[in-house]
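Structure file structure.cif (mmCIF, C-alpha atoms and all ligand atoms) follows.
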```cif
data_target
loop_
_atom_site.label_atom_id
_atom_site.label_comp_id
_atom_site.auth_asym_id
_atom_site.auth_seq_id
_atom_site.Cartn_x
_atom_site.Cartn_y
_atom_site.Cartn_z
CA MET A 27 36.19 -14.53 45.08
CA SER A 28 36.53 -12.05 42.20
CA VAL A 29 34.36 -8.97 42.03
CA ALA A 30 33.68 -7.44 38.59
CA THR A 31 34.54 -3.76 38.45
CA ALA A 32 33.85 -1.16 35.81
CA SER A 33 37.41 -1.51 34.46
CA THR A 34 37.29 -5.33 34.16
CA ALA A 35 33.71 -5.62 32.84
CA ALA A 36 33.46 -7.04 29.30
CA PRO A 37 32.48 -4.45 26.66
CA ALA A 38 28.80 -4.51 25.75
CA LYS A 39 28.21 -6.91 22.87
CA VAL A 40 27.13 -5.18 19.70
CA SER A 41 25.20 -7.53 17.49
CA ARG A 42 26.14 -7.89 13.84
CA LEU A 43 22.59 -6.92 12.97
CA SER A 44 22.83 -3.55 14.71
CA VAL A 45 26.25 -2.85 13.12
CA PHE A 46 24.69 -3.66 9.74
CA TRP A 47 21.63 -1.49 10.39
CA ASP A 48 23.82 1.42 11.59
CA SER A 49 25.93 1.36 8.42
CA GLN A 50 25.09 3.31 5.28
CA VAL A 51 25.34 0.13 3.17
CA GLY A 52 23.05 -1.75 5.58
CA LYS A 53 20.34 0.91 5.49
CA LYS A 54 20.51 1.12 1.70
CA PHE A 55 20.25 -2.66 1.45
CA VAL A 56 17.22 -2.76 3.79
CA SER A 57 15.66 0.12 1.86
CA ALA A 58 16.17 -1.74 -1.45
CA VAL A 59 14.79 -5.12 -0.30
CA THR A 60 11.75 -3.60 1.44
CA GLY A 61 11.25 -1.30 -1.58
CA VAL A 62 10.97 -4.37 -3.83
CA LEU A 63 8.32 -5.89 -1.52
CA LEU A 64 6.32 -2.64 -1.50
CA PHE A 65 6.65 -2.37 -5.28
CA VAL A 66 5.17 -5.87 -5.70
CA PHE A 67 2.22 -4.77 -3.57
CA VAL A 68 1.75 -1.55 -5.60
CA VAL A 69 1.65 -3.58 -8.87
CA GLY A 70 -0.76 -6.17 -7.42
CA HIS A 71 -2.99 -3.45 -5.97
CA ILE A 72 -3.41 -1.60 -9.27
CA LEU A 73 -4.15 -4.84 -11.13
CA GLY A 74 -6.94 -5.46 -8.61
CA ASN A 75 -8.19 -1.84 -8.73
CA LEU A 76 -8.39 -1.77 -12.52
CA GLN A 77 -11.21 -4.30 -12.23
CA ALA A 78 -13.38 -1.35 -11.15
CA PHE A 79 -13.73 -0.63 -14.90
CA GLN A 80 -15.54 -3.98 -15.20
CA GLY A 81 -18.34 -2.94 -12.86
CA ALA A 82 -19.53 -3.43 -9.28
CA ALA A 83 -20.09 -7.20 -9.38
CA LYS A 84 -16.60 -8.02 -10.65
CA PHE A 85 -14.85 -5.51 -8.34
CA ASN A 86 -16.77 -6.52 -5.22
CA ALA A 87 -16.24 -10.23 -5.96
CA TYR A 88 -12.49 -9.55 -6.06
CA ALA A 89 -12.60 -7.47 -2.83
CA GLN A 90 -14.73 -10.17 -1.16
CA PHE A 91 -12.30 -12.88 -2.24
CA LEU A 92 -9.44 -10.97 -0.56
CA GLN A 93 -11.46 -10.40 2.62
CA ASN A 94 -12.39 -14.10 2.79
CA THR A 95 -8.83 -15.32 2.24
CA LYS A 96 -7.80 -14.45 5.79
CA GLY A 97 -4.38 -16.16 5.69
CA LEU A 98 -3.34 -14.31 2.54
CA ILE A 99 -4.64 -10.91 3.57
CA TRP A 100 -3.15 -10.98 7.07
CA THR A 101 0.23 -12.29 5.92
CA THR A 102 0.31 -9.52 3.29
CA ARG A 103 -0.72 -6.87 5.84
CA ILE A 104 1.93 -7.90 8.37
CA VAL A 105 4.75 -8.23 5.81
CA MET A 106 3.81 -4.89 4.16
CA LEU A 107 3.54 -3.04 7.46
CA GLY A 108 6.98 -4.34 8.52
CA ALA A 109 8.44 -3.45 5.11
CA LEU A 110 6.88 0.03 5.23
CA ILE A 111 8.23 0.79 8.71
CA LEU A 112 11.75 -0.38 7.80
CA HIS A 113 11.70 1.38 4.43
CA ALA A 114 10.52 4.70 5.87
CA THR A 115 12.90 4.56 8.86
CA ALA A 116 15.94 3.74 6.69
CA GLY A 117 14.99 6.45 4.16
CA ILE A 118 14.47 9.17 6.78
CA GLN A 119 17.69 8.27 8.60
CA LEU A 120 19.73 8.22 5.36
CA TYR A 121 18.30 11.62 4.42
CA LEU A 122 19.09 13.13 7.85
CA ARG A 123 22.62 11.72 7.80
CA ALA A 124 23.29 13.07 4.31
CA ARG A 125 21.95 16.46 5.35
CA ALA A 126 24.07 16.54 8.52
CA ALA A 127 27.17 15.61 6.51
CA ARG A 128 26.60 18.38 3.96
CA PRO A 129 24.43 21.15 5.40
CA GLN A 130 25.35 23.56 2.55
CA PRO A 131 24.08 22.59 -0.92
CA TYR A 132 26.68 22.48 -3.71
CA ARG A 133 27.22 25.90 -5.30
CA VAL A 134 28.46 24.49 -8.58
CA PRO A 135 26.16 21.96 -10.28
CA LEU A 136 27.57 18.44 -10.16
CA ALA A 137 28.74 16.79 -13.38
CA ASN A 138 25.90 14.29 -13.06
CA PRO A 139 23.09 16.30 -11.48
CA ALA A 140 20.39 14.38 -9.69
CA THR A 141 17.08 14.05 -11.45
CA VAL A 142 13.94 15.72 -10.10
CA SER A 143 12.80 12.41 -8.61
CA SER A 144 16.07 11.72 -6.76
CA LYS A 145 16.08 15.21 -5.21
CA THR A 146 12.52 14.82 -4.04
CA MET A 147 12.75 11.23 -2.71
CA ILE A 148 12.25 12.27 0.91
CA TRP A 149 9.21 14.44 0.07
CA THR A 150 7.54 11.94 -2.29
CA GLY A 151 8.24 9.24 0.31
CA LEU A 152 6.65 11.27 3.13
CA LEU A 153 3.70 12.16 0.88
CA THR A 154 3.16 8.46 0.08
CA LEU A 155 3.30 7.63 3.79
CA ALA A 156 0.71 10.30 4.62
CA PHE A 157 -1.39 9.11 1.69
CA ILE A 158 -1.34 5.48 2.90
CA VAL A 159 -2.55 6.53 6.38
CA TYR A 160 -5.35 8.65 4.92
CA HIS A 161 -6.23 6.00 2.31
CA LEU A 162 -6.61 3.28 4.97
CA LEU A 163 -8.91 5.54 7.00
CA ASP A 164 -10.80 6.41 3.82
CA LEU A 165 -11.34 3.15 1.93
CA THR A 166 -10.57 0.34 4.40
CA LEU A 167 -11.90 1.68 7.69
CA GLY A 168 -14.37 4.32 6.47
CA ALA A 169 -13.08 6.67 9.15
CA ALA A 170 -11.80 9.59 7.04
CA LEU A 171 -12.98 13.05 8.02
CA VAL A 172 -14.57 13.79 4.65
CA HIS A 173 -16.81 10.85 3.85
CA SER A 174 -19.88 10.35 1.81
CA GLY A 175 -21.52 7.18 3.09
CA PHE A 176 -19.03 4.37 3.69
CA VAL A 177 -20.57 0.88 3.61
CA HIS A 178 -18.52 -2.04 4.97
CA GLY A 179 -18.29 -4.84 2.40
CA ASP A 180 -19.16 -2.65 -0.62
CA ALA A 181 -15.71 -1.67 -1.90
CA TYR A 182 -17.09 -0.50 -5.27
CA LEU A 183 -19.63 1.90 -3.74
CA ASN A 184 -16.98 3.31 -1.40
CA LEU A 185 -14.55 3.81 -4.26
CA VAL A 186 -17.10 5.68 -6.40
CA ASN A 187 -18.26 7.80 -3.44
CA THR A 188 -14.68 8.74 -2.56
CA PHE A 189 -14.06 10.26 -5.98
CA ARG A 190 -17.24 12.31 -5.87
CA SER A 191 -15.23 14.70 -3.72
CA THR A 192 -13.03 17.04 -5.80
CA GLY A 193 -10.65 17.46 -2.86
CA LYS A 194 -10.09 13.72 -2.68
CA VAL A 195 -9.62 13.41 -6.46
CA LEU A 196 -6.90 16.09 -6.20
CA PHE A 197 -5.24 14.53 -3.14
CA TYR A 198 -5.25 11.03 -4.66
CA GLY A 199 -4.02 12.49 -7.97
CA VAL A 200 -1.09 14.39 -6.45
CA SER A 201 -0.22 11.40 -4.23
CA VAL A 202 -0.06 8.84 -7.05
CA ILE A 203 2.03 11.24 -9.17
CA GLY A 204 4.35 11.50 -6.13
CA LEU A 205 4.40 7.71 -5.91
CA GLY A 206 5.30 7.48 -9.63
CA LEU A 207 8.22 9.89 -9.11
CA HIS A 208 9.34 7.98 -6.02
CA LEU A 209 9.32 4.69 -7.93
CA SER A 210 11.09 6.19 -10.96
CA HIS A 211 14.13 6.93 -8.84
CA GLY A 212 13.74 4.09 -6.32
CA LEU A 213 13.61 1.36 -8.97
CA TYR A 214 16.82 2.69 -10.49
CA SER A 215 18.72 3.26 -7.24
CA LEU A 216 17.87 -0.13 -5.71
CA TRP A 217 20.08 -1.87 -8.31
CA GLN A 218 23.00 0.22 -7.11
CA SER A 219 22.19 -0.52 -3.46
CA LEU A 220 22.10 -4.24 -4.21
CA GLY A 221 25.49 -3.93 -5.94
CA PHE A 222 24.41 -4.46 -9.56
CA ARG A 223 25.99 -1.32 -10.95
CA HIS A 224 27.39 -1.63 -14.44
CA PRO A 225 27.95 1.07 -17.11
CA LEU A 226 26.41 -1.24 -19.69
CA TRP A 227 23.09 -1.69 -17.88
CA THR A 228 22.69 1.61 -16.03
CA PRO A 229 21.16 3.63 -18.94
CA SER A 230 18.60 0.87 -19.67
CA ILE A 231 17.76 0.48 -15.98
CA THR A 232 17.25 4.25 -15.67
CA LYS A 233 14.89 4.30 -18.66
CA ALA A 234 12.97 1.22 -17.50
CA ALA A 235 12.58 2.67 -13.98
CA VAL A 236 11.18 5.97 -15.30
CA LEU A 237 8.84 4.11 -17.65
CA ILE A 238 7.50 1.86 -14.87
CA GLY A 239 6.96 4.88 -12.58
CA VAL A 240 5.05 6.73 -15.32
CA VAL A 241 2.93 3.70 -16.29
CA LEU A 242 1.98 3.02 -12.66
CA ALA A 243 1.12 6.68 -11.98
CA ILE A 244 -1.11 6.75 -15.10
CA ALA A 245 -2.76 3.44 -14.14
CA TYR A 246 -3.52 4.73 -10.61
CA LEU A 247 -4.74 8.08 -11.99
CA SER A 248 -7.11 6.23 -14.32
CA ILE A 249 -9.31 5.17 -11.35
CA PRO A 250 -10.30 8.65 -10.08
CA ALA A 251 -10.33 9.85 -13.70
CA GLY A 252 -12.66 6.94 -14.58
CA VAL A 253 -15.09 7.98 -11.83
CA VAL A 254 -14.96 11.66 -12.84
CA ALA A 255 -15.55 10.68 -16.49
CA GLY A 256 -18.48 8.45 -15.52
CA LEU A 257 -16.82 5.23 -16.75
CA ILE A 258 -16.86 3.88 -13.20
CA ARG A 259 -20.30 4.66 -11.80
CA LEU A 260 -23.02 3.26 -9.59
C1 LIG A 301 -6.29 5.77 -7.13
C2 LIG A 301 -5.61 5.05 -6.32
C3 LIG A 301 -6.14 3.96 -5.42
C4 LIG A 301 -7.38 3.41 -5.31
C5 LIG A 301 -8.63 3.72 -6.12
C6 LIG A 301 -7.33 2.41 -4.27
C7 LIG A 301 -8.39 1.63 -3.85
C8 LIG A 301 -8.42 0.86 -2.72
C9 LIG A 301 -9.60 0.21 -2.16
C10 LIG A 301 -10.98 0.21 -2.78
C11 LIG A 301 -9.21 -0.41 -1.01
C12 LIG A 301 -10.12 -1.22 -0.05
C13 LIG A 301 -10.26 -2.63 -0.55
C14 LIG A 301 -11.24 -3.44 0.30
O1 LIG A 301 -11.89 -2.90 1.17
O2 LIG A 301 -11.29 -4.64 0.06
C15 LIG A 301 -7.79 -0.14 -0.83
C16 LIG A 301 -7.03 -0.62 0.22
C17 LIG A 301 -5.66 -0.40 0.36
N1 LIG A 301 -4.85 0.35 -0.47
FE1 LIG A 301 -5.44 1.35 -2.13
N2 LIG A 301 -6.05 2.38 -3.78
C18 LIG A 301 -5.29 3.32 -4.46
C19 LIG A 301 -3.95 3.61 -4.27
C20 LIG A 301 -3.13 2.99 -3.34
C21 LIG A 301 -1.71 3.19 -3.23
C22 LIG A 301 -0.89 4.10 -4.15
C23 LIG A 301 -1.28 2.42 -2.18
C24 LIG A 301 0.10 2.23 -1.63
C25 LIG A 301 1.14 2.92 -1.97
C26 LIG A 301 -2.44 1.76 -1.63
C27 LIG A 301 -2.43 0.94 -0.53
C28 LIG A 301 -3.55 0.32 0.00
C29 LIG A 301 -3.53 -0.48 1.21
C30 LIG A 301 -2.31 -0.78 2.07
C31 LIG A 301 -4.85 -0.93 1.43
C32 LIG A 301 -5.36 -1.81 2.59
C33 LIG A 301 -5.38 -3.25 2.15
C34 LIG A 301 -5.92 -4.09 3.30
O3 LIG A 301 -7.13 -4.13 3.49
O4 LIG A 301 -5.11 -4.69 3.98
N3 LIG A 301 -3.54 2.12 -2.37
N4 LIG A 301 -7.35 0.62 -1.88
#
```

Do you think you could lay out the structure here as structure tokens?
Amino acid sequence: MSVATASTAAPAKVSRLSVFWDSQVGKKFVSAVTGVLLFVFVVGHILGNLQAFQGAAKFNAYAQFLQNTKGLIWTTRIVMLGALILHATAGIQLYLRARAARPQPYRVPLANPATVSSKTMIWTGLLTLAFIVYHLLDLTLGAALVHSGFVHGDAYLNLVNTFRSTGKVLFYGVSVIGLGLHLSHGLYSLWQSLGFRHPLWTPSITKAAVLIGVVLAIAYLSIPAGVVAGLIRL
């Protein structure tokens, strides 16, 4: 009868998935794919939110439709939560690895210096994460610390009440500008992570990414601005 000893034991199996996840390329790939999913949500969400300019009935009918379509809303929630966790984990780990590999910043500027948005990816990402947590407490659960009369089922009322607070207008404003910066760089860099780098396309992709980030930030800013200006009112 043979007895397995430490020296004869088979090496622990490392799954292909964990090798992939541990690699730089793997994390960038996961970050890119989950980033696309989150981007689709961000576009869909602003298209829905812009209906606030059409008044309470239209906006609440849209919000009610989403709440009643349980299959759609729960599938979206689960997929988005998974994507957000993977995206944030990959991003934080890539940042920490890069920092550990080069603790001293370059003294001489690089030939192709990073843009403001690429240098601030970790901070705009963390700000967006904090914003999402606060935003869910604020407008979905009605459990934010500063609240002025949350009513379940009246999304329009809650939205208008939220932007009666100057502090919230500022926090939402800064957060969506951060999101715009994050997307401006993210939408450009995901093409590289997915392996579609080409000198012919890169300048156009860079411009398109910045444009999309700016348009989305302005569109999101228009909601609190609309409340402050009295265009969205009770
Ligand atoms: C000015 C900016 C924004 C406004 C006015 C706004 C408005 C709203 C409102 C009214 C709801 C609740 C809808 C309901 O109860 O049916 C909501 C939910 C939500 N928002 Fe926003 N939003 C904004 C920005 C964002 C951004 C930038 C993100 C993500 C990056 C985001 C992510 C979400 C999520 C995840 C939910 C929860 C959806 C669910 O119920 O599953 N929002 N938002």

Enclose all atoms of ligand LIG 301 (chain A) listed in the file in an axis-aligned box, grow every side by 5 Å, and hand back centre and edge lengths in Å to one decimal, as AutoDock Vina command-line options.
```
--center_x -5.4 --center_y 0.5 --center_z -1.6 --size_x 23.0 --size_y 20.5 --size_z 21.1
```

Select the residues contacting ligand LIG 301 (chain A) at a distance of at most 8 Å, based on only C-alpha atoms and all ligand atoms, then format the selection as a ChimeraX atom specification. /A:64,67-68,71-72,75,86,88-90,92-93,99-100,102-103,106,154-155,157-158,161-162,165-167,178-182,184-185,198-199,201-202,205,246-250

Can you list, as a ChimeraX atom specification, every protein, DNA or RNA residue that comes within 12 Å of Thr232 of chain A when you count only C-alpha atoms, leaving out same-chain residues fewer than 3 positions away? /A:141,143-144,209-218,223-229,235-239

Which of these, A:Ile118, A:Ala78, A:Leu152, A:Leu63, has the shortest distance to Gly256 of chain A once you count only C-alpha atoms? A:Ala78

Looking at A:Ala255, A:Leu98, A:Leu112, A:Ala234, which one is nearest to Lys54 of chain A, with distances taken over only C-alpha atoms? A:Leu112

One decimal, in Å: what's the spacing between atom CA of Ser44 of chain A and atom CA of Val56 of chain A? 12.3 Å

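Atom pair atom CA of Lys39 of chain A / atom CA of Val105 of chain A has a distance of 29.0 Å (rounded to one decimal).
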
Between atom CA of Ile148 of chain A and atom CA of Ala114 of chain A, what is the spacing in Å? 9.2 Å

Identify, on the basis of all atoms listed in the file, every residue whose closest approach to Gly81 of chain A does not exceed 9 Å; exclude the query and any residue fewer than 6 positions from it along the same chain; express the result as number ranges by chain. A: 182, 258-260

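Around Leu120 of chain A, within 10 Å and counting all atoms listed in the file, the residues found are Ser49, Gln50, Lys53, Lys54, Ser57, Ala114, Thr115, Ala116, Gly117, Ile118, Leu122, Arg123, Ala124, Arg125, Ala126 and Ile148 of chain A, once anything fewer than 2 positions away on its own chain is removed.
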
For the residues in that selection, give me C-alpha atoms as a compact mmCIF listing (two decimals), in the frame of the given file.
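Done, and the output landed in result.txt:
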```txt
# COMPACT_ATOMS: atom_id res chain seq x y z
CA SER A 49 25.93 1.36 8.42
CA GLN A 50 25.09 3.31 5.28
CA LYS A 53 20.34 0.91 5.49
CA LYS A 54 20.51 1.12 1.70
CA SER A 57 15.66 0.12 1.86
CA ALA A 114 10.52 4.70 5.87
CA THR A 115 12.90 4.56 8.86
CA ALA A 116 15.94 3.74 6.69
CA GLY A 117 14.99 6.45 4.16
CA ILE A 118 14.47 9.17 6.78
CA LEU A 122 19.09 13.13 7.85
CA ARG A 123 22.62 11.72 7.80
CA ALA A 124 23.29 13.07 4.31
CA ARG A 125 21.95 16.46 5.35
CA ALA A 126 24.07 16.54 8.52
CA ILE A 148 12.25 12.27 0.91
```

Using only C-alpha atoms, pick whichever of A:Ile203, A:Ala156, A:Ala245, A:Val254 has the shortest atom-to-atom distance to Arg190 of chain A. A:Val254

Complete segment 201-228 of chain A with N, CA and C atoms (output as a PDB file, in the frame of the given file).
```
ATOM      1  N   SER A 201      -0.936  12.468  -4.946  1.00  0.00           N
ATOM      2  CA  SER A 201      -0.220  11.400  -4.230  1.00  0.00           C
ATOM      3  C   SER A 201       0.283  10.322  -5.180  1.00  0.00           C
ATOM      4  N   VAL A 202      -0.537   9.921  -6.162  1.00  0.00           N
ATOM      5  CA  VAL A 202      -0.060   8.840  -7.050  1.00  0.00           C
ATOM      6  C   VAL A 202       0.984   9.355  -8.041  1.00  0.00           C
ATOM      7  N   ILE A 203       0.942  10.673  -8.346  1.00  0.00           N
ATOM      8  CA  ILE A 203       2.030  11.240  -9.170  1.00  0.00           C
ATOM      9  C   ILE A 203       3.323  11.219  -8.333  1.00  0.00           C
ATOM     10  N   GLY A 204       3.199  11.569  -7.054  1.00  0.00           N
ATOM     11  CA  GLY A 204       4.350  11.500  -6.130  1.00  0.00           C
ATOM     12  C   GLY A 204       4.894  10.075  -6.046  1.00  0.00           C
ATOM     13  N   LEU A 205       3.984   9.120  -5.976  1.00  0.00           N
ATOM     14  CA  LEU A 205       4.400   7.710  -5.910  1.00  0.00           C
ATOM     15  C   LEU A 205       5.156   7.317  -7.196  1.00  0.00           C
ATOM     16  N   GLY A 206       4.643   7.778  -8.346  1.00  0.00           N
ATOM     17  CA  GLY A 206       5.300   7.480  -9.630  1.00  0.00           C
ATOM     18  C   GLY A 206       6.719   8.041  -9.661  1.00  0.00           C
ATOM     19  N   LEU A 207       6.887   9.276  -9.156  1.00  0.00           N
ATOM     20  CA  LEU A 207       8.220   9.890  -9.110  1.00  0.00           C
ATOM     21  C   LEU A 207       9.138   9.106  -8.175  1.00  0.00           C
ATOM     22  N   HIS A 208       8.578   8.723  -7.026  1.00  0.00           N
ATOM     23  CA  HIS A 208       9.340   7.980  -6.020  1.00  0.00           C
ATOM     24  C   HIS A 208       9.834   6.661  -6.626  1.00  0.00           C
ATOM     25  N   LEU A 209       8.942   5.980  -7.335  1.00  0.00           N
ATOM     26  CA  LEU A 209       9.320   4.690  -7.930  1.00  0.00           C
ATOM     27  C   LEU A 209      10.319   4.864  -9.067  1.00  0.00           C
ATOM     28  N   SER A 210      10.181   5.959  -9.839  1.00  0.00           N
ATOM     29  CA  SER A 210      11.090   6.190 -10.960  1.00  0.00           C
ATOM     30  C   SER A 210      12.539   6.229 -10.476  1.00  0.00           C
ATOM     31  N   HIS A 211      12.761   6.897  -9.350  1.00  0.00           N
ATOM     32  CA  HIS A 211      14.130   6.930  -8.840  1.00  0.00           C
ATOM     33  C   HIS A 211      14.454   5.685  -8.018  1.00  0.00           C
ATOM     34  N   GLY A 212      13.495   5.241  -7.207  1.00  0.00           N
ATOM     35  CA  GLY A 212      13.740   4.090  -6.320  1.00  0.00           C
ATOM     36  C   GLY A 212      14.092   2.824  -7.095  1.00  0.00           C
ATOM     37  N   LEU A 213      13.378   2.586  -8.198  1.00  0.00           N
ATOM     38  CA  LEU A 213      13.610   1.360  -8.970  1.00  0.00           C
ATOM     39  C   LEU A 213      14.985   1.375  -9.643  1.00  0.00           C
ATOM     40  N   TYR A 214      15.488   2.587  -9.911  1.00  0.00           N
ATOM     41  CA  TYR A 214      16.820   2.690 -10.490  1.00  0.00           C
ATOM     42  C   TYR A 214      17.876   2.523  -9.381  1.00  0.00           C
ATOM     43  N   SER A 215      17.666   3.234  -8.258  1.00  0.00           N
ATOM     44  CA  SER A 215      18.720   3.260  -7.240  1.00  0.00           C
ATOM     45  C   SER A 215      18.839   1.937  -6.469  1.00  0.00           C
ATOM     46  N   LEU A 216      17.762   1.129  -6.468  1.00  0.00           N
ATOM     47  CA  LEU A 216      17.870  -0.130  -5.710  1.00  0.00           C
ATOM     48  C   LEU A 216      18.881  -1.085  -6.333  1.00  0.00           C
ATOM     49  N   TRP A 217      19.077  -0.999  -7.659  1.00  0.00           N
ATOM     50  CA  TRP A 217      20.080  -1.870  -8.310  1.00  0.00           C
ATOM     51  C   TRP A 217      21.469  -1.524  -7.814  1.00  0.00           C
ATOM     52  N   GLN A 218      21.693  -0.221  -7.610  1.00  0.00           N
ATOM     53  CA  GLN A 218      23.000   0.220  -7.110  1.00  0.00           C
ATOM     54  C   GLN A 218      23.179  -0.256  -5.673  1.00  0.00           C
ATOM     55  N   SER A 219      22.095  -0.122  -4.869  1.00  0.00           N
ATOM     56  CA  SER A 219      22.190  -0.520  -3.460  1.00  0.00           C
ATOM     57  C   SER A 219      22.434  -2.014  -3.333  1.00  0.00           C
ATOM     58  N   LEU A 220      21.911  -2.785  -4.273  1.00  0.00           N
ATOM     59  CA  LEU A 220      22.100  -4.240  -4.210  1.00  0.00           C
ATOM     60  C   LEU A 220      23.415  -4.647  -4.894  1.00  0.00           C
ATOM     61  N   GLY A 221      24.143  -3.665  -5.393  1.00  0.00           N
ATOM     62  CA  GLY A 221      25.490  -3.930  -5.940  1.00  0.00           C
ATOM     63  C   GLY A 221      25.514  -4.341  -7.395  1.00  0.00           C
ATOM     64  N   PHE A 222      24.414  -4.086  -8.140  1.00  0.00           N
ATOM     65  CA  PHE A 222      24.410  -4.460  -9.560  1.00  0.00           C
ATOM     66  C   PHE A 222      24.678  -3.254 -10.459  1.00  0.00           C
ATOM     67  N   ARG A 223      25.707  -2.507 -10.146  1.00  0.00           N
ATOM     68  CA  ARG A 223      25.990  -1.320 -10.950  1.00  0.00           C
ATOM     69  C   ARG A 223      26.926  -1.691 -12.086  1.00  0.00           C
ATOM     70  N   HIS A 224      26.538  -1.337 -13.300  1.00  0.00           N
ATOM     71  CA  HIS A 224      27.390  -1.630 -14.440  1.00  0.00           C
ATOM     72  C   HIS A 224      27.112  -0.597 -15.534  1.00  0.00           C
ATOM     73  N   PRO A 225      28.178   0.021 -16.111  1.00  0.00           N
ATOM     74  CA  PRO A 225      27.950   1.070 -17.110  1.00  0.00           C
ATOM     75  C   PRO A 225      27.103   0.604 -18.291  1.00  0.00           C
ATOM     76  N   LEU A 226      27.159  -0.705 -18.549  1.00  0.00           N
ATOM     77  CA  LEU A 226      26.410  -1.240 -19.690  1.00  0.00           C
ATOM     78  C   LEU A 226      24.902  -1.247 -19.436  1.00  0.00           C
ATOM     79  N   TRP A 227      24.525  -1.554 -18.185  1.00  0.00           N
ATOM     80  CA  TRP A 227      23.090  -1.690 -17.880  1.00  0.00           C
ATOM     81  C   TRP A 227      22.452  -0.408 -17.382  1.00  0.00           C
ATOM     82  N   THR A 228      23.282   0.468 -16.721  1.00  0.00           N
ATOM     83  CA  THR A 228      22.690   1.610 -16.030  1.00  0.00           C
ATOM     84  C   THR A 228      21.740   2.449 -16.894  1.00  0.00           C
TER      85      THR A 228
END
```
